[in-house]
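Each remark here refers to the structure printed beneath this line.
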Amino acid sequence: MAREMMFAEAIAAAIVEEMQRDSDVIFYGQNMAMTERDPMLKMFGKNRVRITPISETAEMGVAVGAAMTGLRPIVELYMSEFMLVAFNQVINEAPRLRYMSGGQVKVPLVFKAGFGFVAGWAGQHSNCIYNTMMGVPGLKLAIPSTPADAKGLMTAAIRDDNPVVYLHHYMLTIDKGEVPEGDYVIPFGVADVKRPGTDVTIVATAWMVKKSLAAAERLAEDGISAEVIDPRTLAPLDVETILKSVSKTGRLVLVDQATRHASAAAVIAAEVAEHGFQSLKAPIRLVTALDATIPYSEPLETYVLPNEDKIVQAVKSLLGEKAAAR
Amino acid sequence: MQTKDEIGSDRLIWMYSQMVRIREFEERVKRTFVEHPGVIRGHTHLADGAEASIVGALSTRQDEDVVMPSYRCHGYPIVLGTPPRRIMAEIYGRKDGLCKGFGGSMHLADPAHHFPGTSGIIGQGIAHATGAALTAQVKNTGQVVYCFFGDGSSKQGAFYESLNLAAVWKLPIVFILENNQYQAYTHVSLEDANAIAGDPLSQKAQAFSIPGVTVDGNDVLKVREEVAIAVDRARMKQGPSLIESKFYRLSAHGNAITVPPVPTQFPEHEAVEVYGRRAEYEAARANDPIAKFRARLMSGGVLNEPDAQRIEEAARAEMDDAVQFALASPFPAPEEALNYVYA
């Protein structure tokens, strides 16, 4: 059984269900649960659903301490850039404390933040900073692209005994999709083949999955069969599924909304170059944002971002003769 | 001696013993740099001078209460019941260390003794302690969290954000600002607005509309008295308090920072080394909190010379054992480095 839900609804449903299941799960952030009418507050009470001041260091640091001592906090941070205000807690506290204690403590928490809001939010609220978090031992990073994945990954994030950064793309917020009913958990580190294909492998995350699927549709009209893979979690990263696909297609296009050197694509490219070189019939291609801060005005913003056209062009440039022949 | 009746001789002697144990441990750590050069790596910070403050505060503690200090963290677990040999082995990077050699001096953790762990980044642990207090509140455990940090930490954003949030949520926590006069190498008069104005650092509590007091951190019984009031308030669900415990760090901030293969050593205290204020430092040494408490217990008839010597000798033997145990403990197997990354 499944039912249609919006992306944001699916995330909220996962949080509600996990809070019903486990009284150690608490949820807090800025500008939430401000009045008695708040539905989460009604359901779980003000002990477990809380409003915070604009204090990211305290919000995330308190979650670390609470997690060390027996709670499972979810912190609503709204925008991933706000984590930068207190990034020490994300990179240098939450993932390190268990290790430094020689495994004596665990830090089960979720830092939930939106990102990539390319709708005129300009230079400081639209960026992709996940690359900074995907190589931190002890930290997990989920980045869903569909309502079903959004729910399954949030459920897994809350149940995980490690700190998890859960990033949801703002441009997907009102997208609808089928979400399985009941207990639905997507294990971390398992990529999903969103569209099977044989000529080229396209790896993308979040909003770029949607763009890549649209590009694949257009490529199909030209007789090019693109396989679209969504890693779904960047840490752990399912390199194996990507390598398996590349061994079949021999071609790899990495689509990433981040700038080139700060992208997840750069990391995936390195993995495939090292472990999948024999399979490659052509160089790996990266389709990323251009090296600029996200500008405000729409034509400028559009210019720097990856889009369907750029993905189609990249694929065709790899397929060269095959593309021309058809 | 009035306090004898209030507290009881046994407790007073326990307090003296704990102070002596901390001092003896820290002196053995410091001696290691001379006796076994190269055995201690990185950066180590000692609590000598803080004994009255630590023990006075922790003497008010109930069994389940949580303790979360900064990276200057050797003293607290010694009082909480962690075997010193395991702390020493951790500082020596050995397999039998408290954290199996994964943390070292700055990152002691012993959750079994209500000591969940420490951050090595100034002030950040204040937020973690506030989180532990949130757990106590949400689960209604009746626990109080003892959060210790230095004067330097009180200039960090984490301090302001955490105290505000603790006050907003009325969390069961006591913030103990250990003003040992120097943040790392900089004297408090060079970096603290309250200090520059001639005001106590406890004045910062006013910003959060919570109680703030300054206490002589060299006087173990006065620390105990003030902390007890704050702990009662926290346990009665009336929210946090800030206590400035003012004392003098008797060793340098930490061992000198050297590049291998140059062995690390403890330099002279910053007062002498940096500021050329030997008189200030000698005065602080003369005002040693342990000697003061010893004399007080003696004059009050709580302690006699043979008993005092027995306590001191026992601490020496205990810490000598800790050193021997740590030296004898093997190093962890290199491949263990990949353990504990994820739960």
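Here, A, B, ... name the chains of the structure tokens in the order displayed, residue numbers run from 1 inside each chain, and ligands are numbered from 1 in the same displayed order.
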
Margin query: Please check the contacts: residues of chain A at most 6 Å away from chain B, using only C-alpha atoms, listed as a list of chain:residue names.
Written below: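 Listed by rising number, the hits are A:Asn47, A:Ser55, A:Thr57, A:Ala58, A:Gly61, A:Val62, A:Ala63, A:Val64, A:Gly65, A:Ala66, A:Thr69, A:Tyr99, A:Met100, A:Ser101, A:Gly102, A:Gly103, A:Gly138, A:Asp161.
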
Given the selection you just returned, output its residues as a file containing N, CA and C atoms, formatted as a PDB file, in the first residue's frame.
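Ended up saving to result_14.pdb:
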```
ATOM      1  N   ASN A  47       7.558  19.408  26.276  1.00  0.00           N
ATOM      2  CA  ASN A  47       8.805  18.801  26.729  1.00  0.00           C
ATOM      3  C   ASN A  47       9.606  18.265  25.542  1.00  0.00           C
ATOM      4  N   SER A  55      20.262  30.463  17.816  1.00  0.00           N
ATOM      5  CA  SER A  55      21.517  30.113  18.499  1.00  0.00           C
ATOM      6  C   SER A  55      22.015  28.765  17.981  1.00  0.00           C
ATOM      7  N   THR A  57      24.883  27.366  17.615  1.00  0.00           N
ATOM      8  CA  THR A  57      25.865  26.627  18.424  1.00  0.00           C
ATOM      9  C   THR A  57      25.165  25.911  19.567  1.00  0.00           C
ATOM     10  N   ALA A  58      24.265  26.618  20.242  1.00  0.00           N
ATOM     11  CA  ALA A  58      23.536  25.988  21.349  1.00  0.00           C
ATOM     12  C   ALA A  58      22.588  24.923  20.811  1.00  0.00           C
ATOM     13  N   GLY A  61      24.874  22.074  19.657  1.00  0.00           N
ATOM     14  CA  GLY A  61      25.692  21.594  20.772  1.00  0.00           C
ATOM     15  C   GLY A  61      24.846  20.934  21.846  1.00  0.00           C
ATOM     16  N   VAL A  62      23.688  21.497  22.115  1.00  0.00           N
ATOM     17  CA  VAL A  62      22.769  20.902  23.081  1.00  0.00           C
ATOM     18  C   VAL A  62      22.312  19.527  22.577  1.00  0.00           C
ATOM     19  N   ALA A  63      22.082  19.425  21.292  1.00  0.00           N
ATOM     20  CA  ALA A  63      21.687  18.129  20.726  1.00  0.00           C
ATOM     21  C   ALA A  63      22.793  17.098  20.936  1.00  0.00           C
ATOM     22  N   VAL A  64      24.037  17.517  20.763  1.00  0.00           N
ATOM     23  CA  VAL A  64      25.166  16.604  20.969  1.00  0.00           C
ATOM     24  C   VAL A  64      25.171  16.099  22.412  1.00  0.00           C
ATOM     25  N   GLY A  65      25.054  17.033  23.355  1.00  0.00           N
ATOM     26  CA  GLY A  65      25.069  16.645  24.767  1.00  0.00           C
ATOM     27  C   GLY A  65      23.867  15.803  25.149  1.00  0.00           C
ATOM     28  N   ALA A  66      22.722  16.146  24.595  1.00  0.00           N
ATOM     29  CA  ALA A  66      21.505  15.377  24.885  1.00  0.00           C
ATOM     30  C   ALA A  66      21.628  13.969  24.301  1.00  0.00           C
ATOM     31  N   THR A  69      23.726  11.634  26.312  1.00  0.00           N
ATOM     32  CA  THR A  69      23.161  11.231  27.600  1.00  0.00           C
ATOM     33  C   THR A  69      21.798  10.548  27.471  1.00  0.00           C
ATOM     34  N   TYR A  99      34.257   8.462  19.016  1.00  0.00           N
ATOM     35  CA  TYR A  99      35.576   7.925  18.696  1.00  0.00           C
ATOM     36  C   TYR A  99      36.582   8.264  19.796  1.00  0.00           C
ATOM     37  N   MET A 100      36.595   9.537  20.200  1.00  0.00           N
ATOM     38  CA  MET A 100      37.568   9.961  21.208  1.00  0.00           C
ATOM     39  C   MET A 100      37.339   9.276  22.550  1.00  0.00           C
ATOM     40  N   SER A 101      36.114   8.821  22.785  1.00  0.00           N
ATOM     41  CA  SER A 101      35.818   8.136  24.051  1.00  0.00           C
ATOM     42  C   SER A 101      36.158   6.649  23.956  1.00  0.00           C
ATOM     43  N   GLY A 102      36.700   6.219  22.840  1.00  0.00           N
ATOM     44  CA  GLY A 102      36.993   4.806  22.653  1.00  0.00           C
ATOM     45  C   GLY A 102      35.725   3.972  22.589  1.00  0.00           C
ATOM     46  N   GLY A 103      34.681   4.560  21.998  1.00  0.00           N
ATOM     47  CA  GLY A 103      33.437   3.817  21.793  1.00  0.00           C
ATOM     48  C   GLY A 103      32.512   3.769  22.996  1.00  0.00           C
ATOM     49  N   GLY A 138      32.507   9.262  11.072  1.00  0.00           N
ATOM     50  CA  GLY A 138      31.574   9.359  12.198  1.00  0.00           C
ATOM     51  C   GLY A 138      30.289  10.076  11.852  1.00  0.00           C
ATOM     52  N   ASP A 161      22.256   5.265  15.280  1.00  0.00           N
ATOM     53  CA  ASP A 161      22.946   5.608  16.526  1.00  0.00           C
ATOM     54  C   ASP A 161      24.087   6.599  16.329  1.00  0.00           C
TER      55      ASP A 161
END
```

Check: If you count only C-alpha atoms, which residues fall within 9 Å of Ser105 in chain B, apart from same-chain ones fewer than 5 positions away, as number ranges by chain?
Finding: B: 40, 42-45, 71-74, 87-88, 90-93

Write out the residues from the selection above, keeping N, CA and C atoms, as a short mmCIF file (atom, residue, chain, number, x, y, z; two decimals), in the first residue's frame.
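The resulting file, out-v8.cif, is shown below:
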```
data_model
loop_
_atom_site.label_atom_id
_atom_site.label_comp_id
_atom_site.auth_asym_id
_atom_site.auth_seq_id
_atom_site.Cartn_x
_atom_site.Cartn_y
_atom_site.Cartn_z
N ILE B 40 54.26 11.32 26.78
CA ILE B 40 53.01 12.08 26.62
C ILE B 40 53.13 12.94 25.37
N GLY B 42 51.27 15.51 22.25
CA GLY B 42 50.24 16.54 22.09
C GLY B 42 50.22 17.57 23.19
N HIS B 43 49.03 17.89 23.70
CA HIS B 43 48.88 18.99 24.64
C HIS B 43 48.13 18.53 25.89
N THR B 44 48.76 18.75 27.03
CA THR B 44 48.21 18.30 28.31
C THR B 44 48.03 19.49 29.23
N HIS B 45 46.88 19.54 29.91
CA HIS B 45 46.54 20.68 30.76
C HIS B 45 46.26 20.19 32.17
N TYR B 71 38.44 20.62 28.50
CA TYR B 71 39.53 19.68 28.23
C TYR B 71 40.56 19.63 29.37
N ARG B 72 40.48 20.58 30.30
CA ARG B 72 41.38 20.50 31.47
C ARG B 72 40.69 19.57 32.46
N CYS B 73 40.72 18.28 32.18
CA CYS B 73 39.70 17.38 32.72
C CYS B 73 40.19 16.25 33.60
N HIS B 74 41.44 16.26 34.04
CA HIS B 74 41.93 15.11 34.81
C HIS B 74 41.31 15.03 36.21
N ILE B 87 43.23 6.61 33.82
CA ILE B 87 43.40 7.97 33.30
C ILE B 87 44.85 8.15 32.84
N MET B 88 45.78 7.70 33.69
CA MET B 88 47.19 7.84 33.34
C MET B 88 47.50 7.06 32.06
N GLU B 90 45.56 6.42 29.68
CA GLU B 90 45.01 7.17 28.54
C GLU B 90 45.95 8.29 28.13
N ILE B 91 46.46 9.00 29.13
CA ILE B 91 47.38 10.11 28.84
C ILE B 91 48.67 9.58 28.20
N TYR B 92 49.03 8.33 28.53
CA TYR B 92 50.22 7.71 27.95
C TYR B 92 49.90 7.04 26.60
N GLY B 93 48.63 7.10 26.18
CA GLY B 93 48.25 6.54 24.87
C GLY B 93 48.20 5.01 24.83
#
```

Checklist line | Shortest interatomic distance to Val39 in chain B - which of B:Ala89, B:Gln62, B:Ser189, B:Ser299, counting only C-alpha atoms | finding: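 For Val39 in chain B, the nearest of the given residues is B:Ala89.
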
Next item on the list: Rank A:Pro295, A:Pro144, A:Gly320, A:Pro108 by their smallest atom-to-atom distance to Val75 in chain A, using only C-alpha atoms, and report the top residue only.
Entry: A:Pro108

Residues within 8 Å of range 252-267 of chain A, only C-alpha atoms, excluding chain neighbours under 6 positions, as a short mmCIF file (atom, residue, chain, number, x, y, z; two decimals) with C-alpha atoms, in the first residue's frame:
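Output (selection03.cif):
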```cif
data_model
loop_
_atom_site.label_atom_id
_atom_site.label_comp_id
_atom_site.auth_asym_id
_atom_site.auth_seq_id
_atom_site.Cartn_x
_atom_site.Cartn_y
_atom_site.Cartn_z
CA GLY A 116 19.94 24.62 -2.73
CA ASN A 127 24.40 26.95 -1.85
CA CYS A 128 25.42 23.32 -1.69
CA ILE A 129 27.82 22.60 1.14
CA TYR A 130 27.38 18.83 1.47
CA ASN A 131 30.84 18.12 0.12
CA THR A 132 32.27 19.52 3.39
CA MET A 134 30.73 13.73 3.26
CA VAL A 200 25.67 6.00 -20.05
CA THR A 201 25.52 6.23 -16.26
CA ILE A 202 24.27 9.50 -14.80
CA VAL A 203 24.79 9.94 -11.06
CA ALA A 204 22.88 12.76 -9.39
CA THR A 205 21.42 13.74 -6.02
CA MET A 208 19.53 17.06 -9.91
CA SER A 212 18.74 14.02 -14.90
CA LEU A 234 26.63 10.66 0.45
CA VAL A 246 29.75 1.99 -15.21
CA LEU A 280 35.54 3.57 -18.99
CA PRO A 283 36.48 10.47 -19.79
CA ILE A 284 34.20 11.09 -16.82
CA ARG A 285 32.17 14.25 -17.31
CA LEU A 286 31.07 16.58 -14.50
CA VAL A 287 28.03 18.80 -14.92
CA THR A 288 28.16 21.17 -11.96
CA ALA A 289 27.38 24.74 -11.03
CA LEU A 290 29.79 27.26 -12.52
CA ASP A 291 32.32 28.77 -10.16
CA ALA A 292 30.29 31.70 -8.90
CA LEU A 305 23.26 26.10 -12.57
CA PRO A 306 23.27 22.67 -14.18
CA ILE A 311 23.19 17.21 -19.02
CA ALA A 314 27.43 16.25 -21.69
CA VAL A 315 26.00 12.83 -22.46
#
```

Note to self: Run DSSP on the backbone and tell me which residues of range 99-310 of chain B come out as strand (DSSP E); list them as a ChimeraX atom specification.
What the structure shows: /B:145-150,173-179,182-183,186-187,212-216,241-246

Note to self: What's around range 48-58 of chain B at 7 Å? Count only C-alpha atoms, leave out sequence neighbours fewer than 4 positions away in its own chain, and write the answer as a list of chain:residue names.
What the structure shows: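 Counting only C-alpha atoms, the residues come to B:Met15, B:Gln18, B:Met19, B:Ile22, B:Arg23, B:Glu26, B:Tyr76, B:Gly217, B:Asn218, B:Asp219, B:Val220, B:Leu221, B:Val223, B:Arg224, B:Val227, B:Ser245, B:Phe247, B:Tyr248, B:Arg249, B:Leu250, B:Ser251, B:Asp288, B:Pro289.
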
Notebook entry, point to check: Could you write out, as an MDAnalysis selection string, all the residues of range 112-267 of chain B that DSSP marks as alpha helix (DSSP H)?
Noted result: chainID B and resid 124:138 157:168 193:196 220:235

Next item on the list: Write out as a list in words which residues come within 10 Å of Ala282 in chain A when counting only C-alpha atoms, dropping same-chain ones fewer than 3 positions away.
Entry: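 Those residues are Gly250, Arg251, Leu252, Phe277, Ser279, Arg285, Ser317, Leu318, Leu319 and Gly320 of chain A.
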
So that I can see what lies close to range 233-236 of chain B, please list as an mmCIF file with C-alpha atoms, in the first residue's frame the residues with an atom at most 9 Å from it, counting only C-alpha atoms and leaving out residues fewer than 6 positions away in the same chain.
```
data_model
loop_
_atom_site.group_PDB
_atom_site.id
_atom_site.type_symbol
_atom_site.label_atom_id
_atom_site.label_comp_id
_atom_site.auth_asym_id
_atom_site.auth_seq_id
_atom_site.Cartn_x
_atom_site.Cartn_y
_atom_site.Cartn_z
ATOM 1 C CA GLY B 142 16.160 14.572 38.973
ATOM 2 C CA GLN B 143 19.797 14.847 37.901
ATOM 3 C CA VAL B 144 21.750 18.081 38.014
ATOM 4 C CA VAL B 145 24.542 18.781 35.522
ATOM 5 C CA LYS B 170 15.031 26.420 33.201
ATOM 6 C CA LEU B 171 17.440 23.535 32.801
ATOM 7 C CA PRO B 172 18.895 21.742 35.846
ATOM 8 C CA ILE B 173 22.481 22.873 35.405
ATOM 9 C CA VAL B 174 25.112 24.756 37.371
#
```
